[in-house]
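Chemist: So I've got this file, query22.txt, and it contains compact mmCIF, C-alpha atoms and all ligand atoms:
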```txt
# COMPACT_ATOMS: atom_id res chain seq x y z
CA MET A 1 84.20 -78.74 6.24
CA ILE A 2 82.26 -81.34 8.24
CA ILE A 3 78.56 -82.01 7.75
CA ALA A 4 77.28 -84.26 10.55
CA LEU A 5 73.77 -85.67 10.23
CA ASN A 6 71.88 -86.42 13.43
CA ASN A 7 68.84 -88.54 12.57
CA LYS A 8 67.77 -88.47 16.26
CA SER A 9 65.18 -91.25 16.85
CA ASN A 10 63.73 -90.99 13.33
CA LEU A 11 63.62 -93.54 10.47
CA ASN A 12 62.53 -97.12 11.05
CA LYS A 13 64.34 -99.91 9.21
CA GLU A 14 62.46 -99.55 5.89
CA ALA A 15 62.57 -95.76 5.98
CA PHE A 16 66.30 -95.82 6.74
CA LEU A 17 67.06 -98.19 3.86
CA SER A 18 65.32 -95.95 1.31
CA TYR A 19 66.88 -92.83 2.90
CA GLN A 20 70.29 -94.44 2.61
CA GLU A 21 69.73 -95.02 -1.12
CA LYS A 22 69.01 -91.31 -1.53
CA LEU A 23 72.16 -90.40 0.40
CA ARG A 24 74.14 -92.67 -1.92
CA GLY A 25 73.61 -90.06 -4.63
CA LEU A 26 74.72 -87.14 -2.45
CA GLU A 27 77.36 -85.03 -4.15
CA HIS A 28 79.90 -83.55 -1.77
CA THR A 29 83.54 -82.72 -1.31
CA CYS A 30 83.22 -82.18 2.44
CA GLN A 31 83.33 -84.81 5.16
CA VAL A 32 79.84 -86.17 5.78
CA ILE A 33 79.17 -88.09 9.00
CA LEU A 34 75.86 -89.94 9.33
CA CYS A 35 74.62 -90.61 12.88
CA PRO A 36 71.60 -92.93 12.58
CA THR A 37 69.73 -94.63 15.43
CA TYR A 38 71.52 -97.50 17.17
CA LEU A 39 69.32 -100.01 15.30
CA ASN A 40 70.25 -98.48 11.96
CA VAL A 41 73.99 -98.38 12.69
CA ASN A 42 74.36 -101.98 11.54
CA LEU A 43 72.37 -101.27 8.34
CA PHE A 44 74.81 -98.55 7.32
CA ASN A 45 76.29 -99.26 3.92
CA LEU A 46 77.59 -96.11 2.22
CA GLU A 47 80.89 -95.17 0.67
CA GLY A 48 82.35 -91.70 1.07
CA ILE A 49 80.29 -91.07 4.21
CA SER A 50 81.52 -91.82 7.74
CA LEU A 51 79.46 -93.61 10.35
CA GLY A 52 78.61 -91.97 13.66
CA ALA A 53 76.43 -92.83 16.66
CA GLN A 54 74.25 -90.58 18.80
CA ASN A 55 75.15 -91.89 22.22
CA VAL A 56 77.36 -94.39 24.05
CA SER A 57 77.50 -96.16 27.39
CA THR A 58 79.73 -94.78 30.13
CA GLU A 59 80.88 -98.37 30.73
CA ASP A 60 82.62 -101.28 29.02
CA PRO A 61 80.44 -104.25 27.90
CA GLY A 62 78.83 -105.94 30.89
CA ALA A 63 75.77 -105.88 33.11
CA PHE A 64 74.35 -102.56 31.85
CA THR A 65 70.88 -103.32 30.51
CA GLY A 66 69.89 -101.25 27.52
CA GLU A 67 73.33 -99.72 26.99
CA ILE A 68 75.67 -99.94 23.99
CA SER A 69 79.40 -99.77 24.70
CA ALA A 70 82.02 -97.82 22.77
CA LYS A 71 83.75 -101.15 22.10
CA ASP A 72 80.65 -102.50 20.33
CA LEU A 73 80.18 -99.25 18.39
CA LYS A 74 83.76 -99.51 17.17
CA ASN A 75 83.13 -103.13 16.17
CA SER A 76 80.17 -101.94 14.08
CA GLY A 77 82.33 -99.43 12.19
CA VAL A 78 81.43 -96.32 14.15
CA GLU A 79 84.11 -93.62 13.84
CA TYR A 80 82.33 -90.65 15.48
CA CYS A 81 79.85 -90.31 18.32
CA ILE A 82 77.67 -87.43 19.47
CA VAL A 83 78.01 -86.89 23.23
CA GLY A 84 76.08 -84.66 25.59
CA HIS A 85 73.36 -83.62 23.17
CA SER A 86 71.05 -81.18 24.97
CA GLU A 87 68.11 -83.54 24.41
CA ARG A 88 69.94 -86.21 26.43
CA ARG A 89 71.11 -83.72 29.05
CA THR A 90 67.47 -82.63 29.44
CA TYR A 91 65.32 -85.75 28.95
CA GLN A 92 67.76 -88.40 30.23
CA ARG A 93 69.20 -86.01 32.83
CA GLU A 94 72.68 -86.82 31.56
CA SER A 95 75.15 -85.25 33.98
CA LEU A 96 78.41 -83.42 33.30
CA GLU A 97 80.25 -86.38 34.83
CA GLU A 98 78.49 -88.90 32.57
CA VAL A 99 79.36 -86.82 29.52
CA HIS A 100 82.99 -86.82 30.65
CA LYS A 101 82.99 -90.61 31.14
CA LYS A 102 81.55 -91.07 27.64
CA VAL A 103 84.20 -88.85 26.07
CA VAL A 104 86.90 -90.90 27.81
CA LYS A 105 85.36 -94.25 26.72
CA LEU A 106 85.13 -93.05 23.12
CA PHE A 107 88.78 -92.04 23.02
CA GLU A 108 89.77 -95.35 24.65
CA ASN A 109 88.05 -97.09 21.74
CA ASP A 110 89.42 -94.79 19.03
CA ILE A 111 86.09 -93.07 18.28
CA THR A 112 86.03 -89.28 17.81
CA PRO A 113 83.55 -87.56 20.16
CA ILE A 114 81.30 -84.81 18.82
CA LEU A 115 80.67 -82.96 22.08
CA CYS A 116 77.48 -80.87 22.09
CA ILE A 117 77.29 -77.78 24.23
CA GLY A 118 74.78 -74.95 24.38
CA GLU A 119 72.82 -72.60 26.59
CA THR A 120 69.08 -72.17 27.13
CA LYS A 121 67.27 -68.94 26.26
CA GLU A 122 67.04 -68.06 29.97
CA GLU A 123 70.76 -68.64 30.50
CA ARG A 124 71.53 -66.33 27.57
CA GLU A 125 69.20 -63.65 28.90
CA GLN A 126 70.92 -63.87 32.28
CA GLY A 127 74.37 -63.41 30.72
CA LEU A 128 75.47 -66.93 31.65
CA VAL A 129 76.53 -68.19 28.20
CA GLY A 130 80.27 -68.11 28.91
CA SER A 131 80.08 -69.80 32.30
CA ILE A 132 77.64 -72.52 31.15
CA LEU A 133 79.68 -73.42 28.07
CA LYS A 134 82.97 -73.30 29.96
CA GLU A 135 81.62 -75.70 32.58
CA GLU A 136 80.24 -78.07 29.93
CA ILE A 137 83.56 -78.07 28.08
CA GLU A 138 85.94 -78.17 31.04
CA THR A 139 84.21 -81.10 32.75
CA ALA A 140 83.96 -83.03 29.48
CA ILE A 141 87.62 -82.62 28.50
CA SER A 142 89.20 -82.97 31.93
CA GLY A 143 92.28 -85.19 31.75
CA LEU A 144 92.42 -85.32 27.96
CA THR A 145 95.80 -85.12 26.25
CA GLU A 146 96.59 -82.27 23.85
CA GLU A 147 96.36 -84.76 21.01
CA GLN A 148 92.84 -85.81 22.11
CA LYS A 149 91.77 -82.17 22.46
CA ALA A 150 92.92 -81.57 18.88
CA ARG A 151 90.93 -84.59 17.68
CA LEU A 152 87.77 -83.61 19.60
CA ILE A 153 84.90 -81.99 17.70
CA ILE A 154 82.67 -79.51 19.55
CA ALA A 155 79.21 -78.64 18.27
CA TYR A 156 77.82 -75.36 19.59
CA GLU A 157 74.06 -75.92 19.64
CA PRO A 158 72.12 -73.15 21.40
CA ILE A 159 69.17 -75.01 22.94
CA TRP A 160 66.78 -72.21 21.94
CA SER A 161 67.75 -72.73 18.33
CA ILE A 162 67.30 -76.51 18.07
CA GLY A 163 64.22 -77.34 16.01
CA THR A 164 62.78 -73.84 16.46
CA GLY A 165 63.69 -72.24 13.14
CA ILE A 166 65.48 -69.48 15.08
CA ILE A 167 69.20 -69.07 14.57
CA PRO A 168 71.60 -66.82 16.49
CA THR A 169 73.12 -63.77 14.81
CA ILE A 170 76.54 -64.14 13.22
CA GLU A 171 77.88 -61.91 16.01
CA GLN A 172 76.48 -64.25 18.69
CA ILE A 173 77.96 -67.35 17.03
CA THR A 174 81.29 -65.62 16.44
CA GLU A 175 81.46 -64.54 20.07
CA VAL A 176 80.90 -68.09 21.34
CA LEU A 177 83.25 -69.80 18.88
CA THR A 178 85.97 -67.21 19.58
CA PHE A 179 85.54 -67.90 23.28
CA ILE A 180 85.93 -71.68 22.76
CA LYS A 181 88.95 -71.20 20.47
CA SER A 182 90.60 -69.08 23.18
CA PHE A 183 91.17 -72.18 25.30
CA LEU A 184 90.82 -74.96 22.69
CA PRO A 185 92.62 -73.49 19.66
CA ASN A 186 93.00 -76.82 17.83
CA THR A 187 89.51 -78.27 18.35
CA THR A 188 87.16 -78.40 15.34
CA LEU A 189 84.01 -76.33 15.89
CA LEU A 190 80.58 -77.05 14.39
CA TYR A 191 77.37 -75.06 14.59
CA GLY A 192 74.01 -76.80 15.10
CA GLY A 193 70.44 -75.52 15.51
CA SER A 194 67.89 -74.95 12.73
CA ALA A 195 70.61 -74.76 10.07
CA ASN A 196 69.03 -75.21 6.65
CA GLU A 197 69.42 -74.55 2.93
CA LYS A 198 67.89 -71.07 3.36
CA ASN A 199 69.98 -69.69 6.23
CA ILE A 200 73.30 -71.28 5.16
CA ASP A 201 74.17 -68.18 3.11
CA MET A 202 74.08 -66.16 6.31
CA LEU A 203 75.69 -68.81 8.55
CA LYS A 204 78.68 -69.18 6.29
CA GLU A 205 79.57 -65.54 6.88
CA CYS A 206 80.95 -66.79 10.20
CA THR A 207 84.39 -68.03 9.16
CA LEU A 208 84.97 -69.76 12.50
CA ILE A 209 82.30 -72.38 11.71
CA GLU A 210 84.15 -75.48 10.47
CA GLY A 211 81.04 -77.55 9.89
CA TYR A 212 77.44 -78.17 10.88
CA LEU A 213 75.45 -80.65 12.95
CA LEU A 214 72.09 -81.01 11.25
CA GLY A 215 68.93 -82.46 12.80
CA GLY A 216 65.77 -81.79 10.79
CA LEU A 217 67.66 -81.18 7.55
CA SER A 218 69.43 -84.54 7.85
CA LEU A 219 66.07 -86.19 7.06
CA LYS A 220 65.56 -84.26 3.79
CA PRO A 221 68.15 -85.41 1.22
CA GLU A 222 67.11 -82.92 -1.50
CA GLU A 223 67.34 -79.88 0.77
CA LEU A 224 70.51 -81.33 2.28
CA GLN A 225 72.08 -81.40 -1.19
CA VAL A 226 71.27 -77.71 -1.66
CA PHE A 227 72.75 -76.95 1.77
CA ILE A 228 75.97 -78.82 0.96
CA ASN A 229 76.29 -77.13 -2.44
CA LYS A 230 76.03 -73.72 -0.79
CA ALA A 231 78.16 -74.52 2.29
P1 LIG B 301 67.77 -79.08 14.10
O1 LIG B 301 68.74 -78.96 12.94
O2 LIG B 301 66.56 -79.89 13.79
O3 LIG B 301 67.49 -77.78 14.74
O4 LIG B 301 68.55 -79.98 15.19
C1 LIG B 301 69.84 -79.63 15.53
C2 LIG B 301 70.37 -80.70 16.39
O5 LIG B 301 69.92 -80.92 17.50
C3 LIG B 301 71.44 -81.53 15.83
O6 LIG B 301 72.04 -82.30 16.82
```
Take the structure from the file and write it as structure tokens.
Modeler:
Amino acid sequence: MIIALNNKSNLNKEAFLSYQEKLRGLEHTCQVILCPTYLNVNLFNLEGISLGAQNVSTEDPGAFTGEISAKDLKNSGVEYCIVGHSERRTYQRESLEEVHKKVVKLFENDITPILCIGETKEEREQGLVGSILKEEIETAISGLTEEQKARLIIAYEPIWSIGTGIIPTIEQITEVLTFIKSFLPNTTLLYGGSANEKNIDMLKECTLIEGYLLGGLSLKPEELQVFINKA
């Protein structure tokens, strides 16, 4: 079981340091991956929790103002990196090709990508879930070896569920994860989108979910502990 924590752009330096002290007391037997902001990556100092990042440059170090390369992330102890989060695909207009380049750069630097995929409410209503997710996956993994595909982590995050308090039905999640497993049988699959300590009892009925990518809940250590205990 993987519990990945996406802090998004929350927690300034002081807030992160006190948050980190609370996480130090987290009791868990699962694999916890903390993805803080870039600035907080170098403040990370926890045992028993892995370090992740939320984004990476498509390029090696060089003349790319404002970017952080996979090489530098690796040098800072980053082992996992979220790629293609819907917020970046929407607000930064991150393209399918950029997501692919990032996945490749991460593997080149021995960092495990956590590839986010998901459909909008409109796409679901139009029956486009399968084609949207297939395109997001196929472009991202093009050219990967079987070994890399087995190391890859995919987080299914329906866009209509992120931060809304609405979660899909178990049948909807099962349908999507079964679909992904049909062509990526060895890839680890996470669910993300409004997962919390109240709906975990329902979510865990879906046996295909191998872990969770948590946004809002990542910022609440007490509730997070309850979630982990139940998951
Ligand atoms: P919430 O858990 O806040 O819905 O966010 C999910 C998410 O986007 C994690 O990457």
Chemist: What lies within 12 Å of A:Glu94 using only C-alpha atoms, ignoring chain neighbours under 4 positions off, as a compact mmCIF listing (two decimals) with C-alpha atoms, in the coordinates of the input?
Modeler:
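File produced: around.txt:
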```txt
# COMPACT_ATOMS: atom_id res chain seq x y z
CA ASN A 55 75.15 -91.89 22.22
CA VAL A 56 77.36 -94.39 24.05
CA SER A 57 77.50 -96.16 27.39
CA THR A 58 79.73 -94.78 30.13
CA VAL A 83 78.01 -86.89 23.23
CA GLY A 84 76.08 -84.66 25.59
CA HIS A 85 73.36 -83.62 23.17
CA SER A 86 71.05 -81.18 24.97
CA GLU A 87 68.11 -83.54 24.41
CA ARG A 88 69.94 -86.21 26.43
CA ARG A 89 71.11 -83.72 29.05
CA THR A 90 67.47 -82.63 29.44
CA GLU A 98 78.49 -88.90 32.57
CA VAL A 99 79.36 -86.82 29.52
CA HIS A 100 82.99 -86.82 30.65
CA LYS A 101 82.99 -90.61 31.14
CA LYS A 102 81.55 -91.07 27.64
CA GLU A 136 80.24 -78.07 29.93
```
Chemist: Throw together the list of residues within 7 Å of ligand LIG 301 (chain B), counting all atoms listed in the file, and drop it here as a PDB file with C-alpha atoms, in the coordinates of the input.
Modeler:
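Result file result-v3.pdb:
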```pdb
ATOM      1  CA  ASN A   6      71.880 -86.420  13.430  1.00  0.00           C
ATOM      2  CA  HIS A  85      73.360 -83.620  23.170  1.00  0.00           C
ATOM      3  CA  GLU A 157      74.060 -75.920  19.640  1.00  0.00           C
ATOM      4  CA  SER A 161      67.750 -72.730  18.330  1.00  0.00           C
ATOM      5  CA  ILE A 162      67.300 -76.510  18.070  1.00  0.00           C
ATOM      6  CA  GLY A 163      64.220 -77.340  16.010  1.00  0.00           C
ATOM      7  CA  THR A 164      62.780 -73.840  16.460  1.00  0.00           C
ATOM      8  CA  GLY A 165      63.690 -72.240  13.140  1.00  0.00           C
ATOM      9  CA  GLY A 192      74.010 -76.800  15.100  1.00  0.00           C
ATOM     10  CA  GLY A 193      70.440 -75.520  15.510  1.00  0.00           C
ATOM     11  CA  SER A 194      67.890 -74.950  12.730  1.00  0.00           C
ATOM     12  CA  ALA A 195      70.610 -74.760  10.070  1.00  0.00           C
ATOM     13  CA  LEU A 213      75.450 -80.650  12.950  1.00  0.00           C
ATOM     14  CA  LEU A 214      72.090 -81.010  11.250  1.00  0.00           C
ATOM     15  CA  GLY A 215      68.930 -82.460  12.800  1.00  0.00           C
ATOM     16  CA  GLY A 216      65.770 -81.790  10.790  1.00  0.00           C
ATOM     17  CA  LEU A 217      67.660 -81.180   7.550  1.00  0.00           C
TER      18      LEU A 217
END
```
Chemist: Excluding A:Asn40 and its own-chain neighbours fewer than 2 positions away, which residues fall within 10 Å of it when counting all atoms listed in the file? Please give them as a PDB file with C-alpha atoms, in the coordinates of the input.
Modeler:
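Once everything was written out, this is part_5.pdb:
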```pdb
ATOM      1  CA  LEU A  11      63.620 -93.540  10.470  1.00  0.00           C
ATOM      2  CA  ASN A  12      62.530 -97.120  11.050  1.00  0.00           C
ATOM      3  CA  LYS A  13      64.340 -99.910   9.210  1.00  0.00           C
ATOM      4  CA  GLU A  14      62.460 -99.550   5.890  1.00  0.00           C
ATOM      5  CA  PHE A  16      66.300 -95.820   6.740  1.00  0.00           C
ATOM      6  CA  LEU A  17      67.060 -98.190   3.860  1.00  0.00           C
ATOM      7  CA  CYS A  35      74.620 -90.610  12.880  1.00  0.00           C
ATOM      8  CA  PRO A  36      71.600 -92.930  12.580  1.00  0.00           C
ATOM      9  CA  THR A  37      69.730 -94.630  15.430  1.00  0.00           C
ATOM     10  CA  TYR A  38      71.520 -97.500  17.170  1.00  0.00           C
ATOM     11  CA  ASN A  42      74.360-101.980  11.540  1.00  0.00           C
ATOM     12  CA  LEU A  43      72.370-101.270   8.340  1.00  0.00           C
ATOM     13  CA  PHE A  44      74.810 -98.550   7.320  1.00  0.00           C
ATOM     14  CA  ALA A  53      76.430 -92.830  16.660  1.00  0.00           C
TER      15      ALA A  53
END
```
Chemist: Report, as lines of an AutoDock Vina configuration file, the axis-aligned box around all atoms of stretch 36-51 of chain A present in the file, extended by 8 Å on each side; give centre and edge lengths in Å to one decimal place.
Modeler:
```
center_x = 75.8
center_y = -96.5
center_z = 8.9
size_x = 29.0
size_y = 26.9
size_z = 32.5
```
Chemist: Quick one: of A:Ile170, A:Gly127, A:Asn196, A:Tyr91, who's nearest to A:Leu219, counting all atoms listed in the file?
Modeler: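 Ranked by minimum distance to A:Leu219, first place goes to A:Asn196.
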